[in-house]
$ cat upload_7.pdb   # PDB, C-alpha atoms
ATOM      1  CA  MET A  30      34.551  25.747 -26.859  1.00  0.00           C
ATOM      2  CA  ALA A  31      37.724  24.612 -28.532  1.00  0.00           C
ATOM      3  CA  ILE A  32      39.447  23.079 -31.518  1.00  0.00           C
ATOM      4  CA  ILE A  33      39.700  19.354 -30.856  1.00  0.00           C
ATOM      5  CA  ALA A  34      41.627  16.868 -32.985  1.00  0.00           C
ATOM      6  CA  ARG A  35      41.155  13.164 -32.305  1.00  0.00           C
ATOM      7  CA  HIS A  36      43.640  10.669 -33.751  1.00  0.00           C
ATOM      8  CA  ILE A  37      44.106  12.548 -37.013  1.00  0.00           C
ATOM      9  CA  GLY A  38      46.530  11.430 -39.678  1.00  0.00           C
ATOM     10  CA  LYS A  39      47.366  12.567 -43.182  1.00  0.00           C
ATOM     11  CA  GLU A  40      48.743  10.828 -46.243  1.00  0.00           C
ATOM     12  CA  ILE A  41      49.459  12.573 -49.536  1.00  0.00           C
ATOM     13  CA  GLY A  42      50.328  11.499 -53.048  1.00  0.00           C
ATOM     14  CA  THR A  43      50.420   8.211 -54.920  1.00  0.00           C
ATOM     15  CA  PRO A  44      51.954   6.042 -53.658  1.00  0.00           C
ATOM     16  CA  ALA A  45      50.896   7.521 -50.338  1.00  0.00           C
ATOM     17  CA  THR A  46      53.434   9.287 -48.157  1.00  0.00           C
ATOM     18  CA  ARG A  47      52.523   9.649 -44.506  1.00  0.00           C
ATOM     19  CA  VAL A  48      52.830  13.241 -43.271  1.00  0.00           C
ATOM     20  CA  LEU A  49      51.002  13.126 -39.894  1.00  0.00           C
ATOM     21  CA  THR A  50      50.361  10.202 -37.549  1.00  0.00           C
ATOM     22  CA  ASP A  51      47.807   9.824 -34.739  1.00  0.00           C
ATOM     23  CA  ILE A  52      47.619  13.426 -33.534  1.00  0.00           C
ATOM     24  CA  SER A  53      45.227  14.270 -30.722  1.00  0.00           C
ATOM     25  CA  LEU A  54      45.157  17.754 -29.210  1.00  0.00           C
ATOM     26  CA  GLU A  55      42.888  20.465 -27.861  1.00  0.00           C
ATOM     27  CA  ILE A  56      43.246  24.217 -28.316  1.00  0.00           C
ATOM     28  CA  LYS A  57      40.945  26.206 -26.071  1.00  0.00           C
ATOM     29  CA  ASP A  58      39.186  29.364 -27.209  1.00  0.00           C
ATOM     30  CA  GLY A  59      41.351  32.411 -26.535  1.00  0.00           C
ATOM     31  CA  GLU A  60      44.651  30.522 -26.553  1.00  0.00           C
ATOM     32  CA  PHE A  61      47.741  31.610 -28.485  1.00  0.00           C
ATOM     33  CA  VAL A  62      49.468  28.430 -29.668  1.00  0.00           C
ATOM     34  CA  ALA A  63      52.626  28.000 -31.744  1.00  0.00           C
ATOM     35  CA  LEU A  64      53.125  24.908 -33.905  1.00  0.00           C
ATOM     36  CA  THR A  65      56.871  24.298 -34.057  1.00  0.00           C
ATOM     37  CA  GLY A  66      59.271  21.806 -35.575  1.00  0.00           C
ATOM     38  CA  ARG A  67      61.825  21.447 -38.320  1.00  0.00           C
ATOM     39  CA  SER A  68      60.973  21.955 -41.962  1.00  0.00           C
ATOM     40  CA  GLY A  69      59.064  18.870 -43.107  1.00  0.00           C
ATOM     41  CA  SER A  70      57.853  17.955 -39.615  1.00  0.00           C
ATOM     42  CA  GLY A  71      54.207  18.420 -40.647  1.00  0.00           C
ATOM     43  CA  LYS A  72      53.363  21.651 -38.853  1.00  0.00           C
ATOM     44  CA  SER A  73      51.889  23.471 -41.884  1.00  0.00           C
ATOM     45  CA  THR A  74      49.907  20.360 -42.836  1.00  0.00           C
ATOM     46  CA  LEU A  75      48.509  20.234 -39.301  1.00  0.00           C
ATOM     47  CA  LEU A  76      47.537  23.915 -39.491  1.00  0.00           C
ATOM     48  CA  TYR A  77      45.684  23.309 -42.755  1.00  0.00           C
ATOM     49  CA  LEU A  78      43.779  20.401 -41.208  1.00  0.00           C
ATOM     50  CA  LEU A  79      42.874  22.310 -38.031  1.00  0.00           C
ATOM     51  CA  SER A  80      41.680  25.272 -40.104  1.00  0.00           C
ATOM     52  CA  SER A  81      39.493  23.152 -42.431  1.00  0.00           C
ATOM     53  CA  LEU A  82      41.540  24.099 -45.520  1.00  0.00           C
ATOM     54  CA  ASP A  83      42.419  20.414 -45.907  1.00  0.00           C
ATOM     55  CA  THR A  84      40.839  17.166 -44.709  1.00  0.00           C
ATOM     56  CA  PRO A  85      42.551  14.425 -42.679  1.00  0.00           C
ATOM     57  CA  SER A  86      43.034  10.916 -44.048  1.00  0.00           C
ATOM     58  CA  GLU A  87      41.772   9.586 -40.735  1.00  0.00           C
ATOM     59  CA  GLY A  88      40.513  10.916 -37.426  1.00  0.00           C
ATOM     60  CA  LYS A  89      38.152  13.720 -36.566  1.00  0.00           C
ATOM     61  CA  ILE A  90      38.353  17.490 -36.021  1.00  0.00           C
ATOM     62  CA  GLU A  91      35.798  19.616 -34.192  1.00  0.00           C
ATOM     63  CA  ILE A  92      35.711  23.409 -34.016  1.00  0.00           C
ATOM     64  CA  SER A  93      33.217  25.127 -31.695  1.00  0.00           C
ATOM     65  CA  GLY A  94      31.393  21.812 -31.331  1.00  0.00           C
ATOM     66  CA  ARG A  95      31.050  21.278 -35.101  1.00  0.00           C
ATOM     67  CA  ASP A  96      32.393  18.150 -36.746  1.00  0.00           C
ATOM     68  CA  LEU A  97      34.205  19.563 -39.792  1.00  0.00           C
ATOM     69  CA  GLN A  98      33.718  16.369 -41.779  1.00  0.00           C
ATOM     70  CA  GLY A  99      30.025  16.327 -40.963  1.00  0.00           C
ATOM     71  CA  ILE A 100      28.921  19.663 -42.434  1.00  0.00           C
ATOM     72  CA  SER A 101      28.186  20.597 -46.040  1.00  0.00           C
ATOM     73  CA  SER A 102      30.728  22.495 -48.139  1.00  0.00           C
ATOM     74  CA  GLU A 103      28.382  25.509 -48.168  1.00  0.00           C
ATOM     75  CA  GLU A 104      28.093  25.521 -44.361  1.00  0.00           C
ATOM     76  CA  LEU A 105      31.843  25.100 -44.091  1.00  0.00           C
ATOM     77  CA  TYR A 106      32.444  28.032 -46.451  1.00  0.00           C
ATOM     78  CA  LEU A 107      30.158  30.272 -44.379  1.00  0.00           C
ATOM     79  CA  PHE A 108      31.719  29.137 -41.106  1.00  0.00           C
ATOM     80  CA  ARG A 109      35.209  29.746 -42.483  1.00  0.00           C
ATOM     81  CA  ASN A 110      34.281  33.191 -43.796  1.00  0.00           C
ATOM     82  CA  GLN A 111      32.595  34.333 -40.579  1.00  0.00           C
ATOM     83  CA  GLU A 112      34.706  32.660 -37.886  1.00  0.00           C
ATOM     84  CA  MET A 113      38.217  32.257 -39.326  1.00  0.00           C
ATOM     85  CA  GLY A 114      41.028  34.467 -40.526  1.00  0.00           C
ATOM     86  CA  PHE A 115      44.065  33.235 -42.468  1.00  0.00           C
ATOM     87  CA  VAL A 116      47.556  34.703 -42.871  1.00  0.00           C
ATOM     88  CA  PHE A 117      50.210  33.040 -45.014  1.00  0.00           C
ATOM     89  CA  GLN A 118      53.921  33.569 -45.606  1.00  0.00           C
ATOM     90  CA  PHE A 119      53.116  35.500 -48.791  1.00  0.00           C
ATOM     91  CA  HIS A 120      50.445  38.141 -48.614  1.00  0.00           C
ATOM     92  CA  TYR A 121      48.390  37.253 -51.751  1.00  0.00           C
ATOM     93  CA  LEU A 122      47.067  40.791 -52.123  1.00  0.00           C
ATOM     94  CA  ILE A 123      45.176  41.683 -55.297  1.00  0.00           C
ATOM     95  CA  ALA A 124      47.487  43.908 -57.340  1.00  0.00           C
ATOM     96  CA  GLU A 125      44.724  46.105 -58.813  1.00  0.00           C
ATOM     97  CA  LEU A 126      43.103  46.938 -55.457  1.00  0.00           C
ATOM     98  CA  THR A 127      44.212  49.540 -52.917  1.00  0.00           C
ATOM     99  CA  ALA A 128      45.206  48.529 -49.406  1.00  0.00           C
ATOM    100  CA  VAL A 129      41.779  49.321 -47.942  1.00  0.00           C
ATOM    101  CA  GLU A 130      39.990  47.506 -50.793  1.00  0.00           C
ATOM    102  CA  ASN A 131      42.183  44.446 -50.188  1.00  0.00           C
ATOM    103  CA  VAL A 132      41.285  44.514 -46.495  1.00  0.00           C
ATOM    104  CA  LEU A 133      37.598  44.624 -47.431  1.00  0.00           C
ATOM    105  CA  MET A 134      37.745  41.594 -49.771  1.00  0.00           C
ATOM    106  CA  PRO A 135      36.224  39.100 -47.251  1.00  0.00           C
ATOM    107  CA  THR A 136      33.237  41.422 -46.720  1.00  0.00           C
ATOM    108  CA  VAL A 137      32.158  41.507 -50.373  1.00  0.00           C
ATOM    109  CA  LYS A 138      30.379  38.130 -50.529  1.00  0.00           C
ATOM    110  CA  GLN A 139      28.695  38.926 -47.210  1.00  0.00           C
ATOM    111  CA  GLY A 140      27.322  42.181 -48.634  1.00  0.00           C
ATOM    112  CA  LYS A 141      29.000  44.099 -45.786  1.00  0.00           C
ATOM    113  CA  LYS A 142      31.634  46.071 -47.657  1.00  0.00           C
ATOM    114  CA  GLU A 143      30.418  49.588 -46.885  1.00  0.00           C
ATOM    115  CA  GLN A 144      29.293  48.594 -43.400  1.00  0.00           C
ATOM    116  CA  ARG A 145      32.814  47.328 -42.591  1.00  0.00           C
ATOM    117  CA  ARG A 146      34.742  50.140 -44.313  1.00  0.00           C
ATOM    118  CA  PRO A 147      35.219  52.164 -41.076  1.00  0.00           C
ATOM    119  CA  ALA A 148      36.552  49.002 -39.401  1.00  0.00           C
ATOM    120  CA  ALA A 149      38.978  48.456 -42.307  1.00  0.00           C
ATOM    121  CA  GLU A 150      40.240  52.015 -41.995  1.00  0.00           C
ATOM    122  CA  ALA A 151      40.592  51.588 -38.223  1.00  0.00           C
ATOM    123  CA  LEU A 152      42.642  48.399 -38.686  1.00  0.00           C
ATOM    124  CA  LEU A 153      44.973  50.118 -41.134  1.00  0.00           C
ATOM    125  CA  GLU A 154      45.420  52.977 -38.674  1.00  0.00           C
ATOM    126  CA  GLN A 155      46.094  50.491 -35.851  1.00  0.00           C
ATOM    127  CA  PHE A 156      48.771  48.846 -38.023  1.00  0.00           C
ATOM    128  CA  ASP A 157      50.374  52.228 -38.817  1.00  0.00           C
ATOM    129  CA  LEU A 158      49.110  52.224 -42.406  1.00  0.00           C
ATOM    130  CA  LYS A 159      46.551  55.036 -42.296  1.00  0.00           C
ATOM    131  CA  ASP A 160      48.438  57.115 -44.869  1.00  0.00           C
ATOM    132  CA  LYS A 161      48.859  54.061 -47.156  1.00  0.00           C
ATOM    133  CA  ALA A 162      45.162  53.095 -47.323  1.00  0.00           C
ATOM    134  CA  HIS A 163      44.762  54.135 -50.953  1.00  0.00           C
ATOM    135  CA  ARG A 164      48.046  52.801 -52.262  1.00  0.00           C
ATOM    136  CA  LEU A 165      48.337  49.713 -54.443  1.00  0.00           C
ATOM    137  CA  PRO A 166      50.339  46.729 -53.152  1.00  0.00           C
ATOM    138  CA  ARG A 167      53.299  47.546 -55.435  1.00  0.00           C
ATOM    139  CA  GLN A 168      53.550  50.936 -53.686  1.00  0.00           C
ATOM    140  CA  LEU A 169      54.011  49.237 -50.295  1.00  0.00           C
ATOM    141  CA  SER A 170      57.011  47.536 -48.714  1.00  0.00           C
ATOM    142  CA  GLY A 171      56.952  43.805 -47.982  1.00  0.00           C
ATOM    143  CA  GLY A 172      56.239  44.422 -44.314  1.00  0.00           C
ATOM    144  CA  GLU A 173      53.424  46.832 -45.139  1.00  0.00           C
ATOM    145  CA  GLN A 174      51.887  44.330 -47.554  1.00  0.00           C
ATOM    146  CA  GLN A 175      51.929  41.640 -44.882  1.00  0.00           C
ATOM    147  CA  ARG A 176      50.246  44.009 -42.405  1.00  0.00           C
ATOM    148  CA  VAL A 177      47.526  44.680 -44.981  1.00  0.00           C
ATOM    149  CA  ALA A 178      47.080  40.899 -45.315  1.00  0.00           C
ATOM    150  CA  ILE A 179      46.719  40.570 -41.534  1.00  0.00           C
ATOM    151  CA  ALA A 180      44.174  43.406 -41.466  1.00  0.00           C
ATOM    152  CA  ARG A 181      42.252  41.534 -44.197  1.00  0.00           C
ATOM    153  CA  SER A 182      42.270  38.379 -42.047  1.00  0.00           C
ATOM    154  CA  LEU A 183      40.777  40.330 -39.122  1.00  0.00           C
ATOM    155  CA  ILE A 184      38.115  42.398 -40.913  1.00  0.00           C
ATOM    156  CA  MET A 185      35.294  39.951 -40.100  1.00  0.00           C
ATOM    157  CA  GLU A 186      36.436  39.813 -36.439  1.00  0.00           C
ATOM    158  CA  PRO A 187      37.174  36.087 -36.600  1.00  0.00           C
ATOM    159  CA  LYS A 188      37.141  33.864 -33.569  1.00  0.00           C
ATOM    160  CA  TYR A 189      40.125  31.909 -34.902  1.00  0.00           C
ATOM    161  CA  LEU A 190      43.240  33.239 -36.628  1.00  0.00           C
ATOM    162  CA  PHE A 191      45.490  30.745 -38.442  1.00  0.00           C
ATOM    163  CA  ALA A 192      48.935  31.945 -39.507  1.00  0.00           C
ATOM    164  CA  ASP A 193      51.400  29.881 -41.544  1.00  0.00           C
ATOM    165  CA  GLU A 194      54.963  31.255 -41.261  1.00  0.00           C
ATOM    166  CA  PRO A 195      53.633  34.846 -41.502  1.00  0.00           C
ATOM    167  CA  THR A 196      57.058  36.340 -40.780  1.00  0.00           C
ATOM    168  CA  GLY A 197      58.973  34.001 -43.101  1.00  0.00           C
ATOM    169  CA  SER A 198      59.532  36.575 -45.847  1.00  0.00           C
ATOM    170  CA  LEU A 199      60.082  39.570 -43.533  1.00  0.00           C
ATOM    171  CA  ASP A 200      63.136  41.122 -41.936  1.00  0.00           C
ATOM    172  CA  SER A 201      63.439  41.007 -38.147  1.00  0.00           C
ATOM    173  CA  VAL A 202      61.949  44.496 -37.574  1.00  0.00           C
ATOM    174  CA  ASN A 203      58.811  43.747 -39.579  1.00  0.00           C
ATOM    175  CA  GLY A 204      58.663  40.253 -38.105  1.00  0.00           C
ATOM    176  CA  ASP A 205      58.556  41.796 -34.626  1.00  0.00           C
ATOM    177  CA  ILE A 206      55.769  44.185 -35.704  1.00  0.00           C
ATOM    178  CA  VAL A 207      53.690  41.316 -37.082  1.00  0.00           C
ATOM    179  CA  MET A 208      54.151  39.223 -33.934  1.00  0.00           C
ATOM    180  CA  LYS A 209      53.134  42.154 -31.742  1.00  0.00           C
ATOM    181  CA  ILE A 210      49.920  42.437 -33.782  1.00  0.00           C
ATOM    182  CA  PHE A 211      49.160  38.749 -33.155  1.00  0.00           C
ATOM    183  CA  SER A 212      49.843  39.112 -29.430  1.00  0.00           C
ATOM    184  CA  ASP A 213      47.621  42.199 -29.211  1.00  0.00           C
ATOM    185  CA  VAL A 214      44.776  40.565 -31.150  1.00  0.00           C
ATOM    186  CA  ASN A 215      44.950  37.576 -28.827  1.00  0.00           C
ATOM    187  CA  SER A 216      45.066  39.555 -25.575  1.00  0.00           C
ATOM    188  CA  GLN A 217      42.669  42.364 -26.497  1.00  0.00           C
ATOM    189  CA  LYS A 218      40.115  40.567 -28.685  1.00  0.00           C
ATOM    190  CA  LYS A 219      40.510  37.081 -27.153  1.00  0.00           C
ATOM    191  CA  THR A 220      40.998  35.740 -30.672  1.00  0.00           C
ATOM    192  CA  THR A 221      42.378  32.200 -30.738  1.00  0.00           C
ATOM    193  CA  VAL A 222      45.710  32.407 -32.583  1.00  0.00           C
ATOM    194  CA  ILE A 223      47.402  29.323 -34.067  1.00  0.00           C
ATOM    195  CA  LEU A 224      50.789  30.132 -35.521  1.00  0.00           C
ATOM    196  CA  VAL A 225      53.235  27.999 -37.485  1.00  0.00           C
ATOM    197  CA  THR A 226      56.775  29.263 -37.017  1.00  0.00           C
ATOM    198  CA  HIS A 227      60.343  27.987 -37.149  1.00  0.00           C
ATOM    199  CA  GLU A 228      61.575  31.003 -35.155  1.00  0.00           C
ATOM    200  CA  PRO A 229      62.127  30.040 -31.466  1.00  0.00           C
ATOM    201  CA  ASP A 230      61.855  33.688 -30.320  1.00  0.00           C
ATOM    202  CA  PHE A 231      58.457  34.072 -31.968  1.00  0.00           C
ATOM    203  CA  ALA A 232      57.247  30.702 -30.697  1.00  0.00           C
ATOM    204  CA  GLN A 233      58.017  31.832 -27.146  1.00  0.00           C
ATOM    205  CA  LEU A 234      55.521  34.681 -27.488  1.00  0.00           C
ATOM    206  CA  ALA A 235      52.743  32.079 -27.592  1.00  0.00           C
ATOM    207  CA  GLN A 236      51.170  30.771 -24.397  1.00  0.00           C
ATOM    208  CA  ARG A 237      51.889  27.209 -25.469  1.00  0.00           C
ATOM    209  CA  GLN A 238      53.956  25.355 -28.044  1.00  0.00           C
ATOM    210  CA  ILE A 239      53.000  22.149 -29.814  1.00  0.00           C
ATOM    211  CA  HIS A 240      56.186  20.618 -31.201  1.00  0.00           C
ATOM    212  CA  LEU A 241      56.145  18.214 -34.129  1.00  0.00           C
ATOM    213  CA  LYS A 242      58.799  15.757 -35.215  1.00  0.00           C
ATOM    214  CA  ASP A 243      58.364  13.388 -38.154  1.00  0.00           C
ATOM    215  CA  GLY A 244      54.613  14.004 -38.229  1.00  0.00           C
ATOM    216  CA  ARG A 245      53.972  13.296 -34.562  1.00  0.00           C
ATOM    217  CA  VAL A 246      53.384  15.592 -31.574  1.00  0.00           C
ATOM    218  CA  GLN A 247      56.296  15.384 -29.163  1.00  0.00           C
ATOM    219  CA  PRO A 248      55.658  15.194 -25.407  1.00  0.00           C
ATOM    220  CA  HIS A 249      56.892  18.162 -23.380  1.00  0.00           C
TER     221      HIS A 249
END
$ encode --input "upload_7.pdb" --output "structure tokens"
Amino acid sequence: MAIIARHIGKEIGTPATRVLTDISLEIKDGEFVALTGRSGSGKSTLLYLLSSLDTPSEGKIEISGRDLQGISSEELYLFRNQEMGFVFQFHYLIAELTAVENVLMPTVKQGKKEQRRPAAEALLEQFDLKDKAHRLPRQLSGGEQQRVAIARSLIMEPKYLFADEPTGSLDSVNGDIVMKIFSDVNSQKKTTVILVTHEPDFAQLAQRQIHLKDGRVQPH
């Protein structure tokens, strides 16, 4: 199984501005892939299309044999919730919830909150946050908040993890910690990791880089 994009393009706005042009690629299950390129090259837009958070203007995307444009919004929501994890540059934690409660957020609609609580606690321990489990986001550093957000993205044991500049607001020490987590999740859990980054050192940790320039994939 894989993520397959066939001739996808994206236009936004009125009048339309072209962001991506004729992109075809395949990402195999278990791969760790970095999407690279200058700011404005279209890498975040491509991530959003591949992850089903946005729809292409043309072309087709399949994940695990499913045509994303061919399934209902309800099916897509379920698929996203069960099979995908998302990490963004900013953590988007809920201010009123403790770290462990934030990690458990994706389990609530599934009715699996208490069932997954031991897994949430184990993730926080794995990310060196065991003693911070009952703290609110404002009582955590930026790096700790981002680790909580990553734990939240992994609580449902997703097959695919999409990360958009997850180290962009972190210092180099915390950036290294976050990248080690992604590498470990990929190697130990065989989770497919797709990472947008402008940091060459972080991109080199991936097994493969897909480089974009002016909305097109560049040949190696």
$ closest_atom_pairs --input "upload_7.pdb" --of "region 52-142 of chain A" --to "region 211-224 of chain A" --cutoff "6 Å" --atoms "only C-alpha atoms" --output "JSON lines"
{"residue": "A:Asp58", "atom": "CA", "partner": "A:Thr221", "partner_atom": "CA", "distance": 5.5}
{"residue": "A:Gly59", "atom": "CA", "partner": "A:Thr221", "partner_atom": "CA", "distance": 4.3}
{"residue": "A:Glu60", "atom": "CA", "partner": "A:Thr221", "partner_atom": "CA", "distance": 5.0}
{"residue": "A:Phe61", "atom": "CA", "partner": "A:Val222", "partner_atom": "CA", "distance": 4.6}
{"residue": "A:Val62", "atom": "CA", "partner": "A:Ile223", "partner_atom": "CA", "distance": 4.9}
{"residue": "A:Ala63", "atom": "CA", "partner": "A:Leu224", "partner_atom": "CA", "distance": 4.7}
{"residue": "A:Leu64", "atom": "CA", "partner": "A:Leu224", "partner_atom": "CA", "distance": 5.9}
$ write_last_selection --input "upload_7.pdb" --atoms "C-alpha atoms" --output "tab-separated table (two decimals), in the frame of the given file"
chain	number	residue	atom	x	y	z
A	58	ASP	CA	39.19	29.36	-27.21
A	59	GLY	CA	41.35	32.41	-26.54
A	60	GLU	CA	44.65	30.52	-26.55
A	61	PHE	CA	47.74	31.61	-28.48
A	62	VAL	CA	49.47	28.43	-29.67
A	63	ALA	CA	52.63	28.00	-31.74
A	64	LEU	CA	53.12	24.91	-33.90
$ residues_around --input "upload_7.pdb" --residues "Thr196 (chain A)" --least-positions-apart "2" --cutoff "8 Å" --atoms "all atoms listed in the file" --output "MDAnalysis selection string"
chainID A and resid 118 194 198:200 203:204 207:208
$ closest_residue --input "upload_7.pdb" --among "A:Arg47, A:Arg167, A:His36, A:Lys159" --to "Gly88 (chain A)" --atoms "only C-alpha atoms"
A:His36
$ residues_around --input "upload_7.pdb" --residues "Thr127 (chain A)" --least-positions-apart "2" --cutoff "7 Å" --atoms "only C-alpha atoms" --output "ChimeraX atom specification"
/A:125,129-131,162-166
$ closest_residue --input "upload_7.pdb" --among "A:Lys209, A:Lys89, A:Lys188, A:Lys242" --to "Phe108 (chain A)" --atoms "all atoms listed in the file"
A:Lys188
$ closest_residue --input "upload_7.pdb" --among "A:Met185, A:Phe191, A:Gly42, A:Ile52" --to "Lys141 (chain A)" --atoms "only C-alpha atoms"
A:Met185
$ atom_distance --input "upload_7.pdb" --atom1 "CA of Leu76 (chain A)" --atom2 "CA of Ser170 (chain A)"
27.1 Å
$ axis_aligned_box --input "upload_7.pdb" --around "region 82-95 of chain A" --padding-each-side "4 Å" --output "lines of an AutoDock Vina configuration file"
center_x = 37.0
center_y = 17.4
center_z = -38.6
size_x = 20.0
size_y = 23.5
size_z = 22.6
$ atom_distance --input "upload_7.pdb" --atom1 "CA of Ser53 (chain A)" --atom2 "CA of Arg109 (chain A)"
21.9 Å
$ decode --input "upload_7.pdb" --residues "region 114-164 of chain A" --atoms "C-alpha atoms" --output "compact mmCIF listing (two decimals), in the first residue's frame"
# COMPACT_ATOMS: atom_id res chain seq x y z
CA GLY A 114 -1.75 11.83 12.72
CA PHE A 115 -0.99 15.52 12.18
CA VAL A 116 1.69 17.78 13.67
CA PHE A 117 1.95 21.46 12.79
CA GLN A 118 4.46 24.23 13.45
CA PHE A 119 2.31 25.46 16.34
CA HIS A 120 1.03 22.92 18.80
CA TYR A 121 -2.67 23.97 19.03
CA LEU A 122 -3.08 22.49 22.50
CA ILE A 123 -6.27 23.24 24.41
CA ALA A 124 -5.32 25.68 27.17
CA GLU A 125 -7.80 24.34 29.76
CA LEU A 126 -6.71 20.70 29.44
CA THR A 127 -3.70 19.02 31.03
CA ALA A 128 -0.99 17.45 28.90
CA VAL A 129 -2.44 13.94 29.19
CA GLU A 130 -5.98 15.20 28.45
CA ASN A 131 -4.66 16.98 25.34
CA VAL A 132 -3.00 13.76 24.18
CA LEU A 133 -6.31 11.94 24.63
CA MET A 134 -8.36 14.42 22.55
CA PRO A 135 -8.48 12.23 19.37
CA THR A 136 -9.84 9.30 21.41
CA VAL A 137 -12.92 11.13 22.72
CA LYS A 138 -15.11 10.88 19.60
CA GLN A 139 -14.11 7.22 19.26
CA GLY A 140 -15.28 6.52 22.82
CA LYS A 141 -11.80 5.17 23.66
CA LYS A 142 -10.56 7.76 26.12
CA GLU A 143 -10.18 5.55 29.19
CA GLN A 144 -9.06 2.59 27.10
CA ARG A 145 -6.22 4.68 25.61
CA ARG A 146 -5.22 6.49 28.82
CA PRO A 147 -2.37 4.04 29.64
CA ALA A 148 -1.05 4.52 26.09
CA ALA A 149 -1.19 8.32 26.52
CA GLU A 150 0.76 8.08 29.76
CA ALA A 151 3.29 5.76 28.10
CA LEU A 152 3.79 8.23 25.23
CA LEU A 153 4.39 11.09 27.64
CA GLU A 154 6.92 8.96 29.51
CA GLN A 155 8.62 8.03 26.22
CA PHE A 156 8.87 11.74 25.37
CA ASP A 157 10.34 12.55 28.81
CA LEU A 158 7.15 14.23 30.02
CA LYS A 159 5.96 11.77 32.65
CA ASP A 160 6.23 14.33 35.45
CA LYS A 161 4.41 16.97 33.33
CA ALA A 162 1.33 14.85 32.51
CA HIS A 163 -1.01 16.89 34.71
CA ARG A 164 0.31 20.32 33.86
